[in-house]
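*Asks:* My structure is below; once you've seen it, I'll send some questions.
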Amino acid sequence: MTAFNGVESAIRQGLSILGSHLTNMRKLAESCEAIAATTKKLQKTAIVADYLKSRTTDEAAVSTVFLSGRPFPAWEETTMQVGGSLLWRVVAGLSGKDESTLTTAYRKHGDLGAVTADVLQERFGQGLRILEVADAFRQIAAARGPAAKTALVRDLLSRATPLEAKYIVKIITGDLRIGVKESLVEEAIAKACGGTLADVQRANMLLGDIGESLRLAVEGKLATAKTRMFHPLGFMLASPIESAEEGLSYFAEAAVEDKYDGIRAQAHLSDGEVRFFSRTRDEITSSFPDLPDALAGLPQDAIFDGEIVAWEYPQNLVQTQEVVDEFFTEAGESRAGKLGRARPFSVLQQRLGRKKVSDKILQEIPVAYLVFDVLYAGGELLIDRPLQERARILYELLATERKVIHHRDALRLRSGQAPAQRNIGTQRKLTFGNEEEISAHSIIRAPIFRAASPEELEELFTAAQARGNEGLMIKDLSSPYTPGKRGKSWLKMKRELATLDVVVTAVEFGHGKRVSVLSDYTFGVWDGDRLVNIGKAYSGLTDAEIAEMTQWFLQHTIEDQGFRRTVEPKIVLEVAFNNMMQSDRHDSGYALRFPRIVRLRPDKSAEDADTIERAREIFEKQNGKA
Ligand code: AMP
């Protein structure tokens, strides 16, 4: 460092100290530096908590938003529309540095905020107050066009100290990179302001506003937080399972639904207005103009969870009411068929990512919203109620005879205008035939099935796949809805990785109604001229096929071991599975995860079955090695 630089730096430090009682964005920036300097979560939380305690409520509220890496609370749709290149140009301009110096700095830090602090070292503003920064962010968001935004960003950064500028840039780019997540800020709020962590989390989940949650914590009013319509809640997630037994091992009573291959969507309905949000919590209503009408007529505000799928409507659609009445009955299967069926995800994809969905696309690729949960209805948040109750409420809501209100009309009515001239019928009266009517039937309660044994679950799985769906979702009927969490209350059973043609080597008697038939098959693949076992599956065969096979196996038993019989290796099966793993359970060295018999292959002789090489190939492909 030259003598001149040393003097300048001393002056700068003096000025910063002088200015410190005026600025408090600096205090936030310094806290961020301290947070970044430790890897210990407890320490990070303590620093945030201490910082929050040292601020006024207004400042602390804004700070929690900034510390979560956002310029605005999560629920707001406001965005600044300030990208990296705009920031880069402003920082270059302010610093007076050339492109190559900036690029070198960027290579060194890998972060635009750190680059800003570095290159602005010789230039500094007086420092900013945190509420001033918050105001400036709003002005930048409101400004139209890059020129206006650039001027405002430049003005803001020119008034900041280098350290403040570092964090302002980081907040604008949406990533502080100091090892703090919103969940840590929630913990700090509980620590600094009182209230339990669970209460803070709940308020923040409902409001989507960490600053507002802090205010409630300060006032001791966390419990009063109310659901905010059109602010998407987190989505409950599912855990994968490896076998049908596992699918029934975590809870006593399971609701089983098809796993539809579409896109997850949370629908909010309030006062006739309907909006859909994706799993990333982005609004996706404009991609599905054909959906809102059918929900808009419901008599209550509500939040639904479901899957939007490309849908093939049947020629003669059964009256919706009649179909819904079969809910929760043994007739789930027939209901599923009457409603139509999902088309592959690749079909839906053709509709996604378009600015405007053309009438042609709307006609060619109609969608349906398969609703499987309700999170809010009739003024009440329902997430803590067991699924059993939510399912009942959902059923009743969708079963109410409702007017098919045109979404646009609902909006018109709210703003005091008359609805457009059009016939508004009720769902019952509609006959299927044109687009308007499709829209009336596009909200479908995802059929629920029951399974009491692994065999029944496998049958449902096969049926779901036969309907073109990905597999099954198995849900604990006594579980609450846990937003944003992946637990064992929702389980997913997915489409197979591949199929193998295998030879049956041993058989066992089944369970339950299959106790007197040979329905559990151990099977192998060829390793040279030897068969090596690779898995075991319950039958996915029909009762008639099992009866026939039982006769055959009884007559072709090599060794009767009581519960188990080794049999002549002649029968070829096609088995599907989700996954393959290395295992010493079978002599092939592999095991199939969740194997299911797709069908008998009487057209194949044992010699035609697959080999261990083919199995290895599938294993390697699955692990990305081939
Ligand atoms: P995955 O994407 O494989 O983790 O599986 C979970 C996803 O399956 C969910 O996020 C939903 O988008 C989708 N899904 C399809 N059908 C259902 C259903 N009946 N219940 C819950 N999720 C479903």
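Just so we're on the same page: first chain in the structure tokens is A, next is B, and so on; residues restart at 1 for each chain, and ligands are numbered from 1 in the order they show up.
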Mind checking DSSP for region 460-581 of chain A and telling me the strand (DSSP E or B) residues as a ChimeraX atom specification?
*Replies:* /A:471-476,486-493,498-509,518-527,530-538,557-560,564-567,572-577,579-581
*Asks:* As a quick test: using only C-alpha atoms and all ligand atoms, which residues lie no more than 6 Å away from ligand 1? Give them as a ChimeraX atom specification.
*Replies:* /A:238,257-261,263-264,307,372,473
*Asks:* Do you know which residues are at most 9 Å from region 184-198 of chain A counting only C-alpha atoms, after dropping those on the same chain fewer than 4 positions away, and could you put them as number ranges by chain?
*Replies:* A: 41, 44-53, 64-65, 67-68, 180, 202-204, 210, 213-215, 217-222
*Asks:* Any chance you can output those residues with N, CA, C and O atoms as an mmCIF file, in the first residue's frame?
*Replies:*
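As a result, selection-v5.cif now contains:
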data_model
loop_
_atom_site.group_PDB
_atom_site.id
_atom_site.type_symbol
_atom_site.label_atom_id
_atom_site.label_comp_id
_atom_site.auth_asym_id
_atom_site.auth_seq_id
_atom_site.Cartn_x
_atom_site.Cartn_y
_atom_site.Cartn_z
ATOM 1 N N LYS A 41 -24.074 -22.688 13.040
ATOM 2 C CA LYS A 41 -25.443 -22.199 12.883
ATOM 3 C C LYS A 41 -25.916 -21.436 14.123
ATOM 4 O O LYS A 41 -26.572 -20.401 14.020
ATOM 5 N N LYS A 44 -24.493 -18.017 14.089
ATOM 6 C CA LYS A 44 -25.159 -17.185 13.078
ATOM 7 C C LYS A 44 -26.494 -16.688 13.624
ATOM 8 O O LYS A 44 -26.835 -15.506 13.519
ATOM 9 N N THR A 45 -27.253 -17.626 14.199
ATOM 10 C CA THR A 45 -28.567 -17.255 14.729
ATOM 11 C C THR A 45 -28.420 -16.191 15.813
ATOM 12 O O THR A 45 -29.192 -15.222 15.858
ATOM 13 N N ALA A 46 -27.429 -16.365 16.673
ATOM 14 C CA ALA A 46 -27.240 -15.409 17.769
ATOM 15 C C ALA A 46 -26.899 -14.025 17.216
ATOM 16 O O ALA A 46 -27.413 -13.010 17.708
ATOM 17 N N ILE A 47 -26.072 -13.977 16.177
ATOM 18 C CA ILE A 47 -25.711 -12.668 15.596
ATOM 19 C C ILE A 47 -26.958 -11.991 15.021
ATOM 20 O O ILE A 47 -27.207 -10.810 15.248
ATOM 21 N N VAL A 48 -27.765 -12.768 14.283
ATOM 22 C CA VAL A 48 -28.982 -12.185 13.705
ATOM 23 C C VAL A 48 -29.897 -11.702 14.828
ATOM 24 O O VAL A 48 -30.440 -10.588 14.778
ATOM 25 N N ALA A 49 -30.063 -12.539 15.858
ATOM 26 C CA ALA A 49 -30.961 -12.166 16.961
ATOM 27 C C ALA A 49 -30.470 -10.883 17.643
ATOM 28 O O ALA A 49 -31.267 -9.959 17.888
ATOM 29 N N ASP A 50 -29.180 -10.805 17.918
ATOM 30 C CA ASP A 50 -28.639 -9.595 18.560
ATOM 31 C C ASP A 50 -28.850 -8.378 17.673
ATOM 32 O O ASP A 50 -29.216 -7.307 18.139
ATOM 33 N N TYR A 51 -28.600 -8.581 16.412
ATOM 34 C CA TYR A 51 -28.789 -7.465 15.482
ATOM 35 C C TYR A 51 -30.251 -6.992 15.515
ATOM 36 O O TYR A 51 -30.518 -5.796 15.636
ATOM 37 N N LEU A 52 -31.181 -7.930 15.432
ATOM 38 C CA LEU A 52 -32.605 -7.554 15.406
ATOM 39 C C LEU A 52 -32.987 -6.795 16.669
ATOM 40 O O LEU A 52 -33.742 -5.825 16.635
ATOM 41 N N LYS A 53 -32.446 -7.255 17.789
ATOM 42 C CA LYS A 53 -32.773 -6.595 19.068
ATOM 43 C C LYS A 53 -32.276 -5.152 19.107
ATOM 44 O O LYS A 53 -32.846 -4.314 19.786
ATOM 45 N N THR A 64 -35.212 -8.372 8.305
ATOM 46 C CA THR A 64 -35.464 -9.815 8.180
ATOM 47 C C THR A 64 -35.709 -10.196 6.722
ATOM 48 O O THR A 64 -35.299 -11.264 6.273
ATOM 49 N N VAL A 65 -36.367 -9.293 5.994
ATOM 50 C CA VAL A 65 -36.606 -9.559 4.573
ATOM 51 C C VAL A 65 -35.264 -9.579 3.838
ATOM 52 O O VAL A 65 -34.967 -10.508 3.076
ATOM 53 N N LEU A 67 -32.288 -10.067 5.097
ATOM 54 C CA LEU A 67 -31.466 -11.201 5.540
ATOM 55 C C LEU A 67 -31.920 -12.515 4.901
ATOM 56 O O LEU A 67 -31.168 -13.474 4.804
ATOM 57 N N SER A 68 -33.173 -12.557 4.480
ATOM 58 C CA SER A 68 -33.662 -13.750 3.779
ATOM 59 C C SER A 68 -33.276 -13.705 2.307
ATOM 60 O O SER A 68 -33.715 -14.557 1.520
ATOM 61 N N VAL A 180 -27.132 -18.042 5.363
ATOM 62 C CA VAL A 180 -28.347 -17.791 6.152
ATOM 63 C C VAL A 180 -29.551 -18.099 5.277
ATOM 64 O O VAL A 180 -29.656 -17.607 4.162
ATOM 65 N N ARG A 202 -45.127 -20.744 11.477
ATOM 66 C CA ARG A 202 -46.504 -20.818 11.004
ATOM 67 C C ARG A 202 -46.962 -19.463 10.463
ATOM 68 O O ARG A 202 -47.551 -19.371 9.386
ATOM 69 N N ALA A 203 -46.665 -18.404 11.235
ATOM 70 C CA ALA A 203 -47.066 -17.065 10.787
ATOM 71 C C ALA A 203 -46.398 -16.747 9.457
ATOM 72 O O ALA A 203 -47.039 -16.268 8.517
ATOM 73 N N ASN A 204 -45.117 -17.076 9.352
ATOM 74 C CA ASN A 204 -44.394 -16.773 8.116
ATOM 75 C C ASN A 204 -44.924 -17.587 6.944
ATOM 76 O O ASN A 204 -45.051 -17.088 5.833
ATOM 77 N N ILE A 210 -41.819 -12.345 6.233
ATOM 78 C CA ILE A 210 -41.045 -12.555 7.444
ATOM 79 C C ILE A 210 -41.015 -11.293 8.303
ATOM 80 O O ILE A 210 -41.006 -11.354 9.531
ATOM 81 N N SER A 213 -44.151 -11.145 10.192
ATOM 82 C CA SER A 213 -44.086 -12.153 11.254
ATOM 83 C C SER A 213 -43.303 -11.604 12.438
ATOM 84 O O SER A 213 -43.674 -11.815 13.593
ATOM 85 N N LEU A 214 -42.221 -10.873 12.143
ATOM 86 C CA LEU A 214 -41.452 -10.263 13.237
ATOM 87 C C LEU A 214 -42.320 -9.277 14.007
ATOM 88 O O LEU A 214 -42.340 -9.270 15.238
ATOM 89 N N ARG A 215 -43.065 -8.460 13.286
ATOM 90 C CA ARG A 215 -43.936 -7.484 13.979
ATOM 91 C C ARG A 215 -44.909 -8.196 14.917
ATOM 92 O O ARG A 215 -45.119 -7.792 16.045
ATOM 93 N N ALA A 217 -44.542 -11.083 16.256
ATOM 94 C CA ALA A 217 -43.784 -11.653 17.384
ATOM 95 C C ALA A 217 -43.522 -10.566 18.430
ATOM 96 O O ALA A 217 -43.692 -10.794 19.629
ATOM 97 N N VAL A 218 -43.146 -9.381 17.949
ATOM 98 C CA VAL A 218 -42.867 -8.272 18.872
ATOM 99 C C VAL A 218 -44.125 -7.935 19.683
ATOM 100 O O VAL A 218 -44.069 -7.701 20.886
ATOM 101 N N GLU A 219 -45.269 -7.972 19.006
ATOM 102 C CA GLU A 219 -46.524 -7.617 19.700
ATOM 103 C C GLU A 219 -47.132 -8.799 20.445
ATOM 104 O O GLU A 219 -48.208 -8.682 21.028
ATOM 105 N N GLY A 220 -46.498 -9.949 20.376
ATOM 106 C CA GLY A 220 -47.047 -11.140 21.030
ATOM 107 C C GLY A 220 -48.321 -11.624 20.361
ATOM 108 O O GLY A 220 -49.198 -12.214 20.988
ATOM 109 N N LYS A 221 -48.459 -11.374 19.042
ATOM 110 C CA LYS A 221 -49.710 -11.720 18.351
ATOM 111 C C LYS A 221 -49.519 -12.738 17.233
ATOM 112 O O LYS A 221 -50.264 -12.737 16.247
ATOM 113 N N LEU A 222 -48.518 -13.596 17.359
ATOM 114 C CA LEU A 222 -48.247 -14.551 16.280
ATOM 115 C C LEU A 222 -49.464 -15.409 15.955
ATOM 116 O O LEU A 222 -49.708 -15.764 14.803
#
*Asks:* Write out as a list in words which residues come within 12 Å of Ala464 (chain A) when counting only C-alpha atoms, dropping same-chain ones fewer than 5 positions away.
*Replies:* Val256, Glu257, Asp258, Lys259, Tyr260, Asp261, Gly332, Glu333, Ala336, Gly337, Arg341, Ala342, Pro447, Ile448, Phe449, Leu457, Glu458, Glu459, Asn469, Glu470, Gly471, Leu472, Met473, Met493, Lys494 and Arg495 of chain A
*Asks:* Would you put the residues from that selection into a file with N, CA and C atoms, as a JSON list (two decimals), in the first residue's frame?
*Replies:*
[["chain", "number", "residue", "atom", "x", "y", "z"],
["A", 256, "VAL", "N", -55.23, -44.20, -1.35],
["A", 256, "VAL", "CA", -54.35, -44.40, -2.50],
["A", 256, "VAL", "C", -54.93, -43.64, -3.69],
["A", 257, "GLU", "N", -54.07, -42.87, -4.34],
["A", 257, "GLU", "CA", -54.50, -42.14, -5.53],
["A", 257, "GLU", "C", -53.53, -42.43, -6.66],
["A", 258, "ASP", "N", -53.98, -42.24, -7.89],
["A", 258, "ASP", "CA", -53.06, -42.35, -9.01],
["A", 258, "ASP", "C", -52.06, -41.20, -8.91],
["A", 259, "LYS", "N", -50.86, -41.46, -9.37],
["A", 259, "LYS", "CA", -49.87, -40.39, -9.45],
["A", 259, "LYS", "C", -49.89, -39.88, -10.88],
["A", 260, "TYR", "N", -50.44, -38.71, -11.05],
["A", 260, "TYR", "CA", -50.63, -38.13, -12.39],
["A", 260, "TYR", "C", -49.36, -37.43, -12.84],
["A", 261, "ASP", "N", -49.10, -37.55, -14.11],
["A", 261, "ASP", "CA", -47.87, -36.95, -14.63],
["A", 261, "ASP", "C", -48.20, -35.62, -15.31],
["A", 332, "GLY", "N", -64.44, -46.45, -7.04],
["A", 332, "GLY", "CA", -63.40, -45.54, -7.49],
["A", 332, "GLY", "C", -62.88, -45.88, -8.87],
["A", 333, "GLU", "N", -62.69, -47.16, -9.07],
["A", 333, "GLU", "CA", -62.13, -47.65, -10.34],
["A", 333, "GLU", "C", -63.00, -47.23, -11.53],
["A", 336, "ALA", "N", -62.90, -43.56, -12.18],
["A", 336, "ALA", "CA", -61.69, -43.09, -12.84],
["A", 336, "ALA", "C", -61.85, -43.18, -14.35],
["A", 337, "GLY", "N", -62.43, -44.29, -14.82],
["A", 337, "GLY", "CA", -62.58, -44.48, -16.24],
["A", 337, "GLY", "C", -63.59, -43.53, -16.86],
["A", 341, "ARG", "N", -59.11, -39.69, -19.13],
["A", 341, "ARG", "CA", -57.80, -40.12, -18.66],
["A", 341, "ARG", "C", -56.72, -39.10, -19.00],
["A", 342, "ALA", "N", -55.63, -39.22, -18.25],
["A", 342, "ALA", "CA", -54.53, -38.28, -18.46],
["A", 342, "ALA", "C", -53.78, -38.65, -19.72],
["A", 447, "PRO", "N", -59.69, -39.54, -7.93],
["A", 447, "PRO", "CA", -60.32, -40.68, -7.27],
["A", 447, "PRO", "C", -59.42, -41.29, -6.19],
["A", 448, "ILE", "N", -60.06, -41.72, -5.11],
["A", 448, "ILE", "CA", -59.32, -42.34, -4.00],
["A", 448, "ILE", "C", -59.64, -43.83, -3.97],
["A", 449, "PHE", "N", -58.59, -44.62, -3.78],
["A", 449, "PHE", "CA", -58.77, -46.06, -3.64],
["A", 449, "PHE", "C", -58.28, -46.48, -2.26],
["A", 457, "LEU", "N", -52.22, -53.27, -3.28],
["A", 457, "LEU", "CA", -51.51, -52.08, -3.71],
["A", 457, "LEU", "C", -50.91, -52.30, -5.10],
["A", 458, "GLU", "N", -50.36, -53.48, -5.30],
["A", 458, "GLU", "CA", -49.78, -53.78, -6.61],
["A", 458, "GLU", "C", -50.83, -53.80, -7.70],
["A", 459, "GLU", "N", -52.01, -54.30, -7.36],
["A", 459, "GLU", "CA", -53.08, -54.31, -8.35],
["A", 459, "GLU", "C", -53.45, -52.88, -8.74],
["A", 469, "ASN", "N", -51.03, -43.51, -16.02],
["A", 469, "ASN", "CA", -50.46, -42.67, -14.98],
["A", 469, "ASN", "C", -49.12, -43.23, -14.50],
["A", 470, "GLU", "N", -48.42, -42.37, -13.76],
["A", 470, "GLU", "CA", -47.03, -42.69, -13.41],
["A", 470, "GLU", "C", -46.91, -43.77, -12.35],
["A", 471, "GLY", "N", -47.91, -43.89, -11.52],
["A", 471, "GLY", "CA", -47.85, -44.83, -10.42],
["A", 471, "GLY", "C", -48.88, -44.44, -9.39],
["A", 472, "LEU", "N", -48.51, -44.58, -8.12],
["A", 472, "LEU", "CA", -49.47, -44.30, -7.06],
["A", 472, "LEU", "C", -48.91, -43.33, -6.03],
["A", 473, "MET", "N", -49.83, -42.65, -5.35],
["A", 473, "MET", "CA", -49.49, -41.89, -4.15],
["A", 473, "MET", "C", -50.25, -42.58, -3.03],
["A", 493, "MET", "N", -45.04, -44.15, -5.42],
["A", 493, "MET", "CA", -44.63, -45.40, -6.04],
["A", 493, "MET", "C", -44.61, -45.10, -7.54],
["A", 494, "LYS", "N", -43.41, -45.14, -8.13],
["A", 494, "LYS", "CA", -43.32, -44.62, -9.50],
["A", 494, "LYS", "C", -43.14, -45.67, -10.59],
["A", 495, "ARG", "N", -43.18, -45.16, -11.80],
["A", 495, "ARG", "CA", -43.02, -45.99, -12.98],
["A", 495, "ARG", "C", -41.69, -46.73, -12.98]]
*Asks:* Between CA of Asp301 (chain A) and CA of Ser287 (chain A), what distance in Å does the model show, to one decimal?
*Replies:* 22.0 Å
*Asks:* When you look at region 586-588 of chain A with a cut-off of 8 Å (counting only C-alpha atoms), what residues show up, excluding the ones that are within fewer than 5 positions of it in the same chain? I need them as a VMD selection string.
*Replies:* chain A and resid 524 to 525 527 532 to 535 612
*Asks:* Excluding Ala265 (chain A) and residues on its chain fewer than 6 positions from it, collect all residues at most 10 Å away from it, counting only C-alpha atoms, and give them as a ChimeraX atom specification.
*Replies:* /A:232,235,275-285,304-308,369-371
*Asks:* Convert the current residue selection to file output with N, CA, C and O atoms, as a compact mmCIF listing (two decimals), in the first residue's frame.
*Replies:*
# COMPACT_ATOMS: atom_id res chain seq x y z
N PRO A 232 -49.08 -18.27 -2.28
CA PRO A 232 -49.03 -19.73 -2.24
C PRO A 232 -48.35 -20.27 -0.99
O PRO A 232 -47.32 -19.75 -0.56
N PHE A 235 -45.69 -26.60 -0.66
CA PHE A 235 -46.34 -27.84 -1.08
C PHE A 235 -45.87 -29.01 -0.24
O PHE A 235 -44.68 -29.14 0.03
N ARG A 275 -56.64 -18.12 -9.09
CA ARG A 275 -55.26 -18.07 -9.57
C ARG A 275 -54.54 -19.35 -9.22
O ARG A 275 -54.77 -19.93 -8.17
N PHE A 276 -53.67 -19.80 -10.13
CA PHE A 276 -52.92 -21.04 -9.94
C PHE A 276 -51.44 -20.74 -9.72
O PHE A 276 -50.89 -19.85 -10.37
N PHE A 277 -50.83 -21.51 -8.81
CA PHE A 277 -49.41 -21.34 -8.54
C PHE A 277 -48.69 -22.67 -8.68
O PHE A 277 -49.20 -23.72 -8.31
N SER A 278 -47.47 -22.59 -9.23
CA SER A 278 -46.68 -23.81 -9.43
C SER A 278 -45.91 -24.17 -8.17
O SER A 278 -45.91 -23.41 -7.20
N ARG A 279 -45.22 -25.31 -8.24
CA ARG A 279 -44.46 -25.78 -7.10
C ARG A 279 -43.34 -24.81 -6.72
O ARG A 279 -42.92 -24.74 -5.59
N THR A 280 -42.87 -24.04 -7.71
CA THR A 280 -41.87 -23.02 -7.40
C THR A 280 -42.55 -21.74 -6.94
O THR A 280 -41.92 -20.70 -6.81
N ARG A 281 -43.85 -21.82 -6.73
CA ARG A 281 -44.68 -20.72 -6.24
C ARG A 281 -44.82 -19.58 -7.24
O ARG A 281 -45.08 -18.44 -6.86
N ASP A 282 -44.59 -19.88 -8.50
CA ASP A 282 -44.82 -18.86 -9.52
C ASP A 282 -46.27 -18.95 -9.97
O ASP A 282 -46.85 -20.03 -10.01
N GLU A 283 -46.80 -17.80 -10.37
CA GLU A 283 -48.18 -17.84 -10.84
C GLU A 283 -48.22 -18.38 -12.26
O GLU A 283 -47.43 -17.99 -13.11
N ILE A 284 -49.13 -19.31 -12.51
CA ILE A 284 -49.19 -19.96 -13.83
C ILE A 284 -50.59 -19.87 -14.43
O ILE A 284 -50.91 -20.57 -15.38
N THR A 285 -51.42 -18.98 -13.86
CA THR A 285 -52.82 -18.89 -14.31
C THR A 285 -52.91 -18.66 -15.82
O THR A 285 -53.75 -19.25 -16.48
N PHE A 304 -56.78 -25.03 -3.00
CA PHE A 304 -56.71 -26.45 -3.35
C PHE A 304 -55.29 -26.84 -3.75
O PHE A 304 -54.51 -26.01 -4.21
N ASP A 305 -55.03 -28.13 -3.61
CA ASP A 305 -53.76 -28.68 -4.10
C ASP A 305 -54.12 -29.76 -5.12
O ASP A 305 -55.06 -30.54 -4.89
N GLY A 306 -53.40 -29.79 -6.21
CA GLY A 306 -53.72 -30.79 -7.22
C GLY A 306 -52.69 -30.81 -8.34
O GLY A 306 -51.64 -30.19 -8.23
N GLU A 307 -53.00 -31.55 -9.39
CA GLU A 307 -52.08 -31.70 -10.51
C GLU A 307 -52.82 -31.30 -11.79
O GLU A 307 -53.94 -31.77 -12.03
N ILE A 308 -52.20 -30.44 -12.58
CA ILE A 308 -52.80 -30.10 -13.88
C ILE A 308 -52.23 -31.07 -14.92
O ILE A 308 -51.02 -31.22 -15.03
N TYR A 369 -57.82 -30.25 -13.96
CA TYR A 369 -57.16 -30.04 -12.68
C TYR A 369 -57.63 -31.16 -11.76
O TYR A 369 -58.79 -31.21 -11.38
N LEU A 370 -56.72 -32.09 -11.48
CA LEU A 370 -57.04 -33.22 -10.61
C LEU A 370 -56.77 -32.79 -9.18
O LEU A 370 -55.62 -32.70 -8.77
N VAL A 371 -57.82 -32.48 -8.45
CA VAL A 371 -57.65 -31.93 -7.11
C VAL A 371 -57.54 -33.06 -6.11
O VAL A 371 -58.35 -33.99 -6.12
